[in-house]
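One file, model_31.cif, is given below (mmCIF, C-alpha atoms and all ligand atoms).
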```
data_upload
loop_
_atom_site.label_atom_id
_atom_site.label_comp_id
_atom_site.auth_asym_id
_atom_site.auth_seq_id
_atom_site.Cartn_x
_atom_site.Cartn_y
_atom_site.Cartn_z
CA MET A 83 -115.78 -109.36 39.77
CA LYS A 84 -113.28 -108.89 37.05
CA LEU A 85 -112.54 -105.24 36.44
CA SER A 86 -111.63 -104.51 32.89
CA LEU A 87 -109.72 -101.27 32.70
CA VAL A 88 -107.92 -100.34 29.56
CA LEU A 89 -105.46 -97.91 30.95
CA LEU A 90 -104.93 -95.00 28.68
CA THR A 91 -105.04 -91.31 29.33
CA THR A 92 -106.87 -89.21 26.79
CA SER A 93 -103.66 -87.37 26.10
CA VAL A 94 -102.31 -90.57 24.59
CA LEU A 95 -105.07 -90.57 22.01
CA THR A 96 -103.85 -87.36 20.55
CA TYR A 97 -100.19 -87.73 21.36
CA ALA A 98 -97.81 -87.38 18.47
CA SER A 99 -94.08 -87.27 18.78
CA PRO A 100 -92.27 -84.06 17.99
CA HIS A 101 -89.94 -86.40 16.09
CA LEU A 102 -92.25 -87.50 13.32
CA SER A 103 -90.55 -89.87 10.96
CA SER A 104 -89.12 -88.52 7.76
CA ARG A 105 -87.68 -91.92 6.94
CA GLN A 106 -90.89 -93.63 5.87
CA ASP A 107 -91.80 -94.04 2.24
CA GLY A 108 -95.43 -94.94 2.80
CA ASN A 109 -95.20 -97.91 0.45
CA SER A 110 -94.12 -100.64 2.82
CA SER A 111 -96.31 -103.50 3.95
CA GLY A 112 -99.30 -102.87 6.12
CA GLU A 113 -102.09 -104.29 4.00
CA ALA A 114 -103.55 -105.87 7.10
CA SER A 115 -103.46 -102.66 9.14
CA ALA A 116 -107.24 -102.06 9.04
CA ASP A 117 -110.27 -103.51 7.34
CA GLN A 118 -112.49 -101.34 5.16
CA TRP A 119 -114.54 -100.29 8.21
CA GLY A 120 -111.45 -99.28 10.19
CA ARG A 121 -111.69 -102.24 12.56
CA CYS A 122 -108.84 -104.42 13.76
CA PRO A 123 -108.26 -107.02 11.01
CA PRO A 124 -108.90 -110.61 12.21
CA VAL A 125 -105.36 -111.64 11.28
CA TRP A 126 -104.23 -110.06 14.55
CA ASN A 127 -106.13 -112.73 16.49
CA THR A 128 -104.06 -115.38 14.73
CA ILE A 129 -100.87 -113.40 15.35
CA SER A 130 -101.83 -113.03 19.02
CA ARG A 131 -102.06 -116.82 19.46
CA GLU A 132 -98.78 -117.41 17.65
CA LEU A 133 -96.92 -114.81 19.72
CA THR A 134 -98.42 -116.06 22.96
CA SER A 135 -96.96 -119.51 22.36
CA LEU A 136 -93.63 -117.96 21.34
CA PHE A 137 -93.42 -115.94 24.57
CA ARG A 138 -94.64 -118.49 27.13
CA SER A 139 -92.55 -121.23 28.73
CA GLY A 140 -94.54 -123.11 31.34
CA ASN A 141 -96.40 -120.49 33.32
CA GLN A 142 -93.76 -117.79 32.85
CA CYS A 143 -92.64 -115.38 30.14
CA ASN A 144 -89.36 -116.34 28.46
CA ASP A 145 -86.31 -114.79 26.77
CA ASP A 146 -88.24 -113.97 23.57
CA ALA A 147 -90.86 -112.14 25.67
CA ARG A 148 -88.20 -110.14 27.52
CA ALA A 149 -86.52 -109.18 24.25
CA ALA A 150 -89.89 -108.22 22.69
CA ILE A 151 -90.66 -105.87 25.60
CA ARG A 152 -87.25 -104.26 25.29
CA ALA A 153 -87.63 -104.00 21.50
CA VAL A 154 -90.53 -101.55 21.89
CA PHE A 155 -88.23 -99.15 23.72
CA HIS A 156 -85.37 -99.62 21.26
CA ASP A 157 -87.55 -99.15 18.17
CA CYS A 158 -89.60 -96.22 19.46
CA PHE A 159 -87.25 -94.05 21.50
CA PRO A 160 -84.82 -92.80 18.82
CA ASP A 161 -85.94 -90.10 16.33
CA GLY A 162 -88.54 -91.42 13.92
CA GLY A 163 -90.47 -93.22 16.62
CA CYS A 164 -91.98 -96.68 16.26
CA ASP A 165 -91.23 -97.37 12.62
CA GLY A 166 -89.74 -100.87 12.58
CA SER A 167 -86.28 -99.49 11.84
CA LEU A 168 -84.92 -101.66 14.65
CA ALA A 169 -85.27 -104.68 12.33
CA ILE A 170 -83.06 -103.07 9.66
CA PRO A 171 -79.69 -104.88 9.89
CA ALA A 172 -77.71 -101.63 10.16
CA GLU A 173 -79.67 -100.69 13.29
CA LEU A 174 -80.11 -104.17 14.77
CA GLY A 175 -76.36 -104.73 14.55
CA ARG A 176 -75.56 -101.79 16.87
CA SER A 177 -74.30 -102.65 20.33
CA PRO A 178 -77.43 -101.82 22.36
CA ASN A 179 -79.54 -103.94 19.98
CA THR A 180 -77.48 -107.01 19.15
CA ARG A 181 -79.03 -109.07 21.97
CA LEU A 182 -82.43 -108.49 20.41
CA THR A 183 -81.40 -109.91 17.02
CA GLY A 184 -82.85 -113.41 17.34
CA THR A 185 -86.23 -112.29 18.64
CA VAL A 186 -86.58 -109.29 16.29
CA ASN A 187 -85.80 -111.50 13.28
CA LYS A 188 -88.42 -114.01 14.42
CA LEU A 189 -90.98 -111.19 14.72
CA LYS A 190 -89.99 -109.87 11.29
CA SER A 191 -90.70 -113.31 9.80
CA VAL A 192 -94.11 -113.41 11.47
CA ALA A 193 -94.82 -109.92 10.06
CA GLU A 194 -93.85 -111.05 6.56
CA LYS A 195 -95.94 -114.21 6.86
CA TYR A 196 -99.08 -112.27 7.76
CA ARG A 197 -98.25 -109.24 5.56
CA VAL A 198 -98.36 -106.66 8.35
CA SER A 199 -95.75 -103.98 9.01
CA VAL A 200 -92.75 -104.82 11.17
CA ALA A 201 -93.43 -101.66 13.21
CA ASP A 202 -96.94 -102.89 14.09
CA MET A 203 -95.60 -106.37 14.80
CA LEU A 204 -93.00 -105.04 17.26
CA MET A 205 -95.63 -102.98 19.12
CA PHE A 206 -98.22 -105.76 19.21
CA ALA A 207 -95.53 -108.25 20.29
CA GLY A 208 -94.39 -105.99 23.14
CA SER A 209 -97.95 -105.67 24.45
CA THR A 210 -98.50 -109.42 24.08
CA ALA A 211 -95.27 -110.22 25.90
CA VAL A 212 -96.22 -107.97 28.84
CA LEU A 213 -99.49 -109.89 29.15
CA VAL A 214 -97.81 -113.28 28.90
CA CYS A 215 -95.69 -112.40 31.95
CA PRO A 216 -98.05 -113.28 34.83
CA GLY A 217 -99.30 -110.03 36.39
CA GLY A 218 -98.80 -107.85 33.30
CA PRO A 219 -101.41 -105.21 32.38
CA THR A 220 -103.31 -104.64 29.13
CA VAL A 221 -101.74 -101.85 27.07
CA LYS A 222 -103.94 -100.07 24.54
CA THR A 223 -102.35 -101.18 21.27
CA TYR A 224 -102.77 -99.80 17.76
CA VAL A 225 -101.78 -100.95 14.27
CA GLY A 226 -101.43 -99.16 10.93
CA ARG A 227 -97.84 -97.93 10.98
CA LYS A 228 -95.61 -97.87 7.91
CA ASP A 229 -92.09 -99.24 8.05
CA ALA A 230 -89.02 -97.04 7.74
CA LYS A 231 -86.58 -97.70 4.95
CA SER A 232 -83.51 -96.41 6.76
CA PRO A 233 -82.10 -96.86 10.28
CA ALA A 234 -82.74 -94.42 13.12
CA PRO A 235 -79.95 -92.07 14.22
CA GLU A 236 -77.36 -93.74 16.42
CA GLY A 237 -76.57 -93.05 20.08
CA GLN A 238 -80.00 -91.89 21.27
CA LEU A 239 -80.79 -94.77 23.64
CA PRO A 240 -79.70 -94.28 27.26
CA THR A 241 -77.07 -96.81 28.37
CA GLY A 242 -76.94 -98.80 31.60
CA ASP A 243 -74.52 -96.24 33.03
CA VAL A 244 -76.74 -93.21 32.55
CA THR A 245 -77.42 -91.19 35.70
CA GLY A 246 -80.99 -90.84 36.93
CA ASP A 247 -80.89 -87.09 36.16
CA GLU A 248 -79.72 -87.69 32.57
CA ALA A 249 -82.28 -90.45 32.03
CA LEU A 250 -85.08 -88.21 33.26
CA GLN A 251 -83.94 -85.41 30.97
CA LYS A 252 -83.90 -87.75 27.94
CA PHE A 253 -87.37 -89.07 28.73
CA GLN A 254 -88.77 -85.59 29.35
CA GLN A 255 -87.43 -84.50 25.95
CA ARG A 256 -89.56 -87.29 24.45
CA GLY A 257 -92.67 -86.18 26.35
CA PHE A 258 -92.51 -88.56 29.33
CA SER A 259 -92.91 -87.55 32.97
CA ALA A 260 -90.92 -88.78 35.98
CA GLN A 261 -93.83 -91.11 36.73
CA ASP A 262 -93.80 -92.45 33.15
CA LEU A 263 -90.07 -93.15 33.41
CA ALA A 264 -90.38 -94.78 36.84
CA ALA A 265 -93.18 -97.00 35.52
CA LEU A 266 -91.54 -97.87 32.18
CA VAL A 267 -88.23 -98.89 33.68
CA GLY A 268 -90.22 -101.33 35.82
CA ALA A 269 -90.12 -103.50 32.66
CA HIS A 270 -86.82 -104.56 34.20
CA SER A 271 -89.04 -106.78 36.35
CA ALA A 272 -88.83 -109.11 33.35
CA ALA A 273 -85.16 -108.66 32.49
CA ARG A 274 -81.73 -110.20 32.43
CA GLN A 275 -78.43 -108.51 31.71
CA ARG A 276 -75.64 -109.90 29.57
CA ASP A 277 -73.54 -106.99 28.32
CA GLN A 278 -73.54 -104.60 31.26
CA ASP A 279 -71.25 -106.99 33.17
CA PRO A 280 -70.29 -109.96 30.97
CA SER A 281 -68.72 -111.71 33.98
CA GLN A 282 -72.26 -111.96 35.42
CA ALA A 283 -74.06 -112.61 32.13
CA GLY A 284 -77.54 -114.04 32.52
CA LYS A 285 -78.24 -112.54 35.94
CA SER A 286 -81.72 -111.10 36.26
CA LEU A 287 -82.66 -107.59 37.41
CA ASP A 288 -85.03 -109.00 40.04
CA SER A 289 -85.54 -112.43 41.55
CA SER A 290 -88.53 -113.27 39.31
CA PRO A 291 -87.69 -112.42 35.66
CA GLY A 292 -90.49 -114.66 34.35
CA SER A 293 -93.27 -112.62 35.93
CA TRP A 294 -94.46 -109.05 36.10
CA ASP A 295 -94.24 -107.94 39.70
CA VAL A 296 -92.95 -105.15 41.93
CA LYS A 297 -89.97 -107.12 43.25
CA PHE A 298 -87.80 -105.15 40.79
CA TYR A 299 -88.54 -101.91 42.67
CA ALA A 300 -88.20 -103.37 46.17
CA GLU A 301 -85.01 -105.29 45.38
CA THR A 302 -83.39 -102.38 43.50
CA ILE A 303 -84.09 -99.99 46.38
CA ALA A 304 -82.78 -102.52 48.91
CA LYS A 305 -79.83 -103.46 46.63
CA LYS A 306 -80.93 -107.08 46.90
CA ALA A 307 -81.59 -107.85 43.23
CA PRO A 308 -79.44 -110.60 41.64
CA PHE A 309 -78.02 -107.78 39.48
CA SER A 310 -78.78 -104.06 39.36
CA LEU A 311 -77.92 -101.74 36.50
CA PRO A 312 -76.11 -98.56 37.61
CA SER A 313 -78.89 -96.62 35.82
CA ASP A 314 -81.61 -98.29 37.92
CA LEU A 315 -79.70 -97.70 41.17
CA SER A 316 -79.32 -94.05 40.21
CA LEU A 317 -83.00 -93.74 39.28
CA ALA A 318 -83.95 -95.20 42.66
CA ASN A 319 -82.19 -92.22 44.24
CA GLN A 320 -83.21 -89.55 41.74
CA THR A 321 -85.15 -86.72 43.40
CA GLN A 322 -88.33 -87.08 41.34
CA VAL A 323 -88.16 -90.72 40.25
CA GLY A 324 -86.96 -92.25 43.54
CA PRO A 325 -90.15 -91.55 45.55
CA ILE A 326 -92.21 -93.10 42.73
CA PHE A 327 -90.03 -96.24 42.84
CA LYS A 328 -90.95 -96.48 46.55
CA LYS A 329 -94.65 -96.06 45.77
CA PHE A 330 -94.59 -98.77 43.09
CA ALA A 331 -92.60 -101.11 45.34
CA LYS A 332 -95.70 -101.22 47.56
CA SER A 333 -98.38 -101.42 44.90
CA GLN A 334 -98.59 -103.60 41.80
CA GLY A 335 -101.89 -101.90 40.99
CA GLN A 336 -100.42 -98.39 40.99
CA TRP A 337 -97.43 -99.53 38.94
CA ASN A 338 -99.57 -101.24 36.30
CA ALA A 339 -101.98 -98.30 36.22
CA ALA A 340 -99.02 -96.04 35.37
CA PHE A 341 -97.17 -98.51 33.13
CA ALA A 342 -99.97 -99.24 30.67
CA PRO A 343 -100.61 -95.64 29.52
CA ALA A 344 -96.87 -94.89 29.51
CA LEU A 345 -96.13 -97.83 27.18
CA ALA A 346 -99.14 -96.92 25.04
CA LYS A 347 -97.69 -93.40 24.76
CA MET A 348 -94.32 -94.83 23.77
CA GLN A 349 -95.93 -97.00 21.11
CA LEU A 350 -97.45 -93.86 19.57
CA LEU A 351 -94.14 -92.02 19.16
CA GLY A 352 -93.91 -91.09 15.49
CA SER A 353 -97.62 -91.56 14.78
CA SER A 354 -101.01 -90.59 16.07
CA ALA A 355 -103.80 -92.83 17.40
CA SER A 356 -106.29 -90.98 15.21
CA LYS A 357 -104.58 -92.43 12.12
CA LEU A 358 -104.26 -95.95 13.53
CA VAL A 359 -106.64 -98.79 14.37
CA ASP A 360 -107.20 -100.09 17.89
CA CYS A 361 -106.25 -103.78 18.10
CA THR A 362 -106.27 -104.09 21.90
CA SER A 363 -109.12 -106.59 21.64
CA ALA A 364 -106.83 -109.03 19.78
CA LEU A 365 -104.32 -109.19 22.65
CA PRO A 366 -104.42 -112.22 24.95
CA ARG A 367 -106.41 -111.78 28.15
CA ALA A 368 -104.62 -110.60 31.26
CA ARG A 369 -103.74 -113.43 33.61
CA TYR A 370 -104.23 -112.98 37.31
CA THR A 371 -101.85 -113.89 40.05
CA ARG A 372 -102.87 -114.74 43.58
CA ASP A 373 -101.17 -111.58 44.79
CA VAL A 374 -103.23 -109.43 42.50
CA LYS A 375 -106.47 -111.16 43.44
CA ALA A 376 -105.60 -110.66 47.07
CA ALA A 377 -104.99 -106.95 46.55
CA PRO A 378 -107.58 -104.38 47.67
CA ILE A 379 -110.22 -103.91 45.00
CA ASN A 380 -109.05 -100.41 44.06
CA ASP A 381 -105.50 -101.69 43.77
CA ARG A 382 -106.31 -104.16 41.02
CA TYR A 383 -105.72 -103.15 37.46
CA SER A 384 -107.66 -105.24 35.01
C1 LIG B 1 -83.24 -95.24 31.39
C2 LIG B 1 -83.80 -96.14 30.65
C3 LIG B 1 -83.25 -97.53 30.42
C4 LIG B 1 -81.97 -97.98 30.46
C5 LIG B 1 -80.69 -97.20 30.77
C6 LIG B 1 -82.00 -99.40 30.18
C7 LIG B 1 -80.90 -100.22 30.10
C8 LIG B 1 -80.93 -101.59 29.97
C9 LIG B 1 -79.79 -102.46 30.00
C10 LIG B 1 -78.34 -101.98 30.13
C11 LIG B 1 -80.23 -103.74 29.91
C12 LIG B 1 -79.38 -105.02 29.96
C13 LIG B 1 -78.77 -105.29 28.61
C14 LIG B 1 -77.77 -106.44 28.68
O1 LIG B 1 -76.77 -106.31 29.37
O2 LIG B 1 -78.04 -107.46 28.02
C15 LIG B 1 -81.67 -103.69 29.79
C16 LIG B 1 -82.50 -104.78 29.66
C17 LIG B 1 -83.86 -104.70 29.47
N1 LIG B 1 -84.59 -103.55 29.33
FE1 LIG B 1 -83.96 -101.68 29.71
N2 LIG B 1 -83.29 -99.78 29.97
C18 LIG B 1 -84.09 -98.66 30.10
C19 LIG B 1 -85.45 -98.59 29.90
C20 LIG B 1 -86.22 -99.65 29.48
C21 LIG B 1 -87.59 -99.52 29.04
C22 LIG B 1 -88.36 -98.21 28.92
C23 LIG B 1 -88.00 -100.78 28.73
C24 LIG B 1 -89.34 -101.25 28.19
C25 LIG B 1 -90.46 -100.62 28.36
C26 LIG B 1 -86.90 -101.68 29.00
C27 LIG B 1 -86.96 -103.05 28.90
C28 LIG B 1 -85.90 -103.90 29.13
C29 LIG B 1 -86.01 -105.34 29.15
C30 LIG B 1 -87.31 -106.15 29.04
C31 LIG B 1 -84.73 -105.84 29.35
C32 LIG B 1 -84.32 -107.32 29.43
C33 LIG B 1 -83.98 -107.88 28.09
C34 LIG B 1 -83.60 -109.35 28.18
O3 LIG B 1 -83.68 -109.95 29.25
O4 LIG B 1 -83.23 -109.89 27.13
N3 LIG B 1 -85.84 -100.95 29.43
N4 LIG B 1 -82.07 -102.37 29.82
#
```
With the file now loaded, output its structure as structure tokens.
Ligand code: HEM
Amino acid sequence: MKLSLVLLTTSVLTYASPHLSSRQDGNSSGEASADQWGRCPPVWNTISRELTSLFRSGNQCNDDARAAIRAVFHDCFPDGGCDGSLAIPAELGRSPNTRLTGTVNKLKSVAEKYRVSVADMLMFAGSTAVLVCPGGPTVKTYVGRKDAKSPAPEGQLPTGDVTGDEALQKFQQRGFSAQDLAALVGAHSAARQRDQDPSQAGKSLDSSPGSWDVKFYAETIAKKAPFSLPSDLSLANQTQVGPIFKKFAKSQGQWNAAFAPALAKMQLLGSSASKLVDCTSALPRARYTRDVKAAPINDRYS
């Protein structure tokens, strides 16, 4: 029997960032953020199909999917939260973001075509991309955000050299727990590096960058990944985060059950679910891998 769990803690529903945006003018696009009854506008079903074909190559998720997942973090984490500022050239041109340029500009065009906000598009695209990677969970996903008119402050994203202690401190300041951080950084299951070590550009952070699986945790802990970021190696040994890496390395179900509410929480930085509209139903359906189907029933996730 298919279990359909939308994984979201109630705290997420009321979560609002302490860093509410002061850079929004409230006049940007977003016409299609809710219908008159507050339901998810049907345009998001069309967008969902278009993004799914953008993110899928064969049976795997591709470079655009990986960039879309990373773009959620890069848009939401700096002050102001998820406000689409990542797509503003002055922010997109900064060194941590330049690799996202092609994908973010594609998503911006899709947002303009369907007259939705770029902020909503980036969040919906991240959730879609996670689902297109085989094994990815359903993240409760809202729309209705306004776009910022000015870039976020610079230098607030952790770099690939950050220590586990520093990373945890930065995430805790934004309202995330050690478990949230351990789960979120598992997005490196679908990741390649290019700038951390240009001499090894293109190497992936686990041996299966086209799917959503726990090999990232196991291979990082064992130092057997094609490439490991210094930050991930440090997190694997961090007092609070390290034991959670070990737990997730053994259980896709526990990882996904922690990842989905943590990403939903990230997508609500700068806004509040009570002011947004739930568009989770417009996301593509989760795809199941043999491993997941073979997992014990209480270890499955959707
Ligand atoms: C301590 C926190 C984090 C650090 C220090 C970090 C750092 C990095 C670095 C250095 C890269 C490789 C960039 C390159 O060389 O091209 C990368 C890639 C990536 N990151 Fe993170 N990251 C963190 C958290 C996250 C989170 C929370 C997410 C999403 C939820 C995420 C998603 C990704 C993805 C999907 C990629 C691959 C992008 C691609 O293949 O194009 N990361 N990250």
Could you build a table of the residues in chain A lying no more than 7 Å from ligand LIG 1 (chain B), giving for each the nearest pair of atoms and their separation in Å rounded to one decimal place, using all atoms listed in the file, ordered by chain and ascending residue number, as CSV?
```
residue,atom,partner,partner_atom,distance
A:Asp145,CA,B:LIG1,O4,5.8
A:Arg148,CA,B:LIG1,C30,4.4
A:Ala149,CA,B:LIG1,O4,4.4
A:Ile151,CA,B:LIG1,C30,4.8
A:Arg152,CA,B:LIG1,C27,3.8
A:Val154,CA,B:LIG1,C24,6.4
A:Phe155,CA,B:LIG1,C24,5.1
A:Arg181,CA,B:LIG1,O2,6.3
A:Leu182,CA,B:LIG1,O4,6.9
A:Pro240,CA,B:LIG1,C5,4.7
A:Thr241,CA,B:LIG1,C5,4.4
A:Gly242,CA,B:LIG1,C10,3.8
A:Asp243,CA,B:LIG1,C5,6.6
A:Val244,CA,B:LIG1,C5,5.9
A:Ala249,CA,B:LIG1,C1,4.9
A:Leu263,CA,B:LIG1,C22,7.0
A:Leu266,CA,B:LIG1,C22,4.6
A:Val267,CA,B:LIG1,C19,4.7
A:Ala269,CA,B:LIG1,C27,4.9
A:His270,CA,B:LIG1,C29,5.2
A:Ala272,CA,B:LIG1,C30,5.4
A:Ala273,CA,B:LIG1,C32,3.4
A:Arg274,CA,B:LIG1,O3,3.7
A:Gln275,CA,B:LIG1,O1,3.6
A:Arg276,CA,B:LIG1,O2,3.8
A:Asp277,CA,B:LIG1,O1,3.5
A:Gln278,CA,B:LIG1,O1,4.1
A:Asp279,CA,B:LIG1,O1,6.7
A:Leu311,CA,B:LIG1,C10,6.4
A:Ser313,CA,B:LIG1,C5,5.4
A:Leu345,CA,B:LIG1,C25,6.4
```
Where is the centre and how long are the edges: axis-aligned box on stretch 144-159 of chain A, 6 Å on each side, Å to one decimal, as AutoDock Vina command-line options:
```
--center_x -88.1 --center_y -105.2 --center_z 23.3 --size_x 17.5 --size_y 34.3 --size_z 22.3
```
Would you list the contacts of A:Ala147 as a list in words, taking every protein, DNA or RNA residue within 9 Å and counting all atoms listed in the file, but skipping same-chain residues closer than 3 positions in sequence?
Leu133, Thr134, Leu136, Phe137, Arg138, Cys143, Asn144, Ala150, Ile151, Arg152, Thr185, Ala207, Gly208, Thr210, Ala211, Val212, Val214, Cys215 and Ala272 of chain A
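The space between atom CA of A:Cys361 and atom CA of A:Val225 spans 6.5 Å.
Atom CA of A:Gly120 to atom CA of A:Ser353 spans 16.5 Å [interatomic distance, one decimal].
With all atoms listed in the file as the basis for measurement, A:Pro216 is the residue among A:Pro160, A:Gly268, A:Pro216, A:Pro124 that approaches A:Gly292 most closely.
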Closest to A:Asp288 among A:Lys195, A:Arg369, A:Lys305, A:Lys332, using only C-alpha atoms?
A:Lys305
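With all atoms listed in the file as the basis for measurement, A:Ala169 is the residue among A:Val221, A:Ala169, A:Ala355, A:Ala230 that approaches A:Ser191 most closely.
Here atom CA of A:Lys328 stands at a distance of 24.9 Å from atom CA of A:Ser209.
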Which of these, A:Glu194, A:Asp262, A:Asp295, A:Asp161, has the shortest distance to A:Leu250 once you count all atoms listed in the file?
A:Asp262
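Nearest residue to A:Glu132 among A:Leu351, A:Val198, A:Val192, A:Ala264 is A:Val192, counting only C-alpha atoms.
Distance check against A:Ala201 using all atoms listed in the file: of A:Pro312, A:Gly284, A:Pro325, A:Gly162, the minimum falls on A:Gly162.
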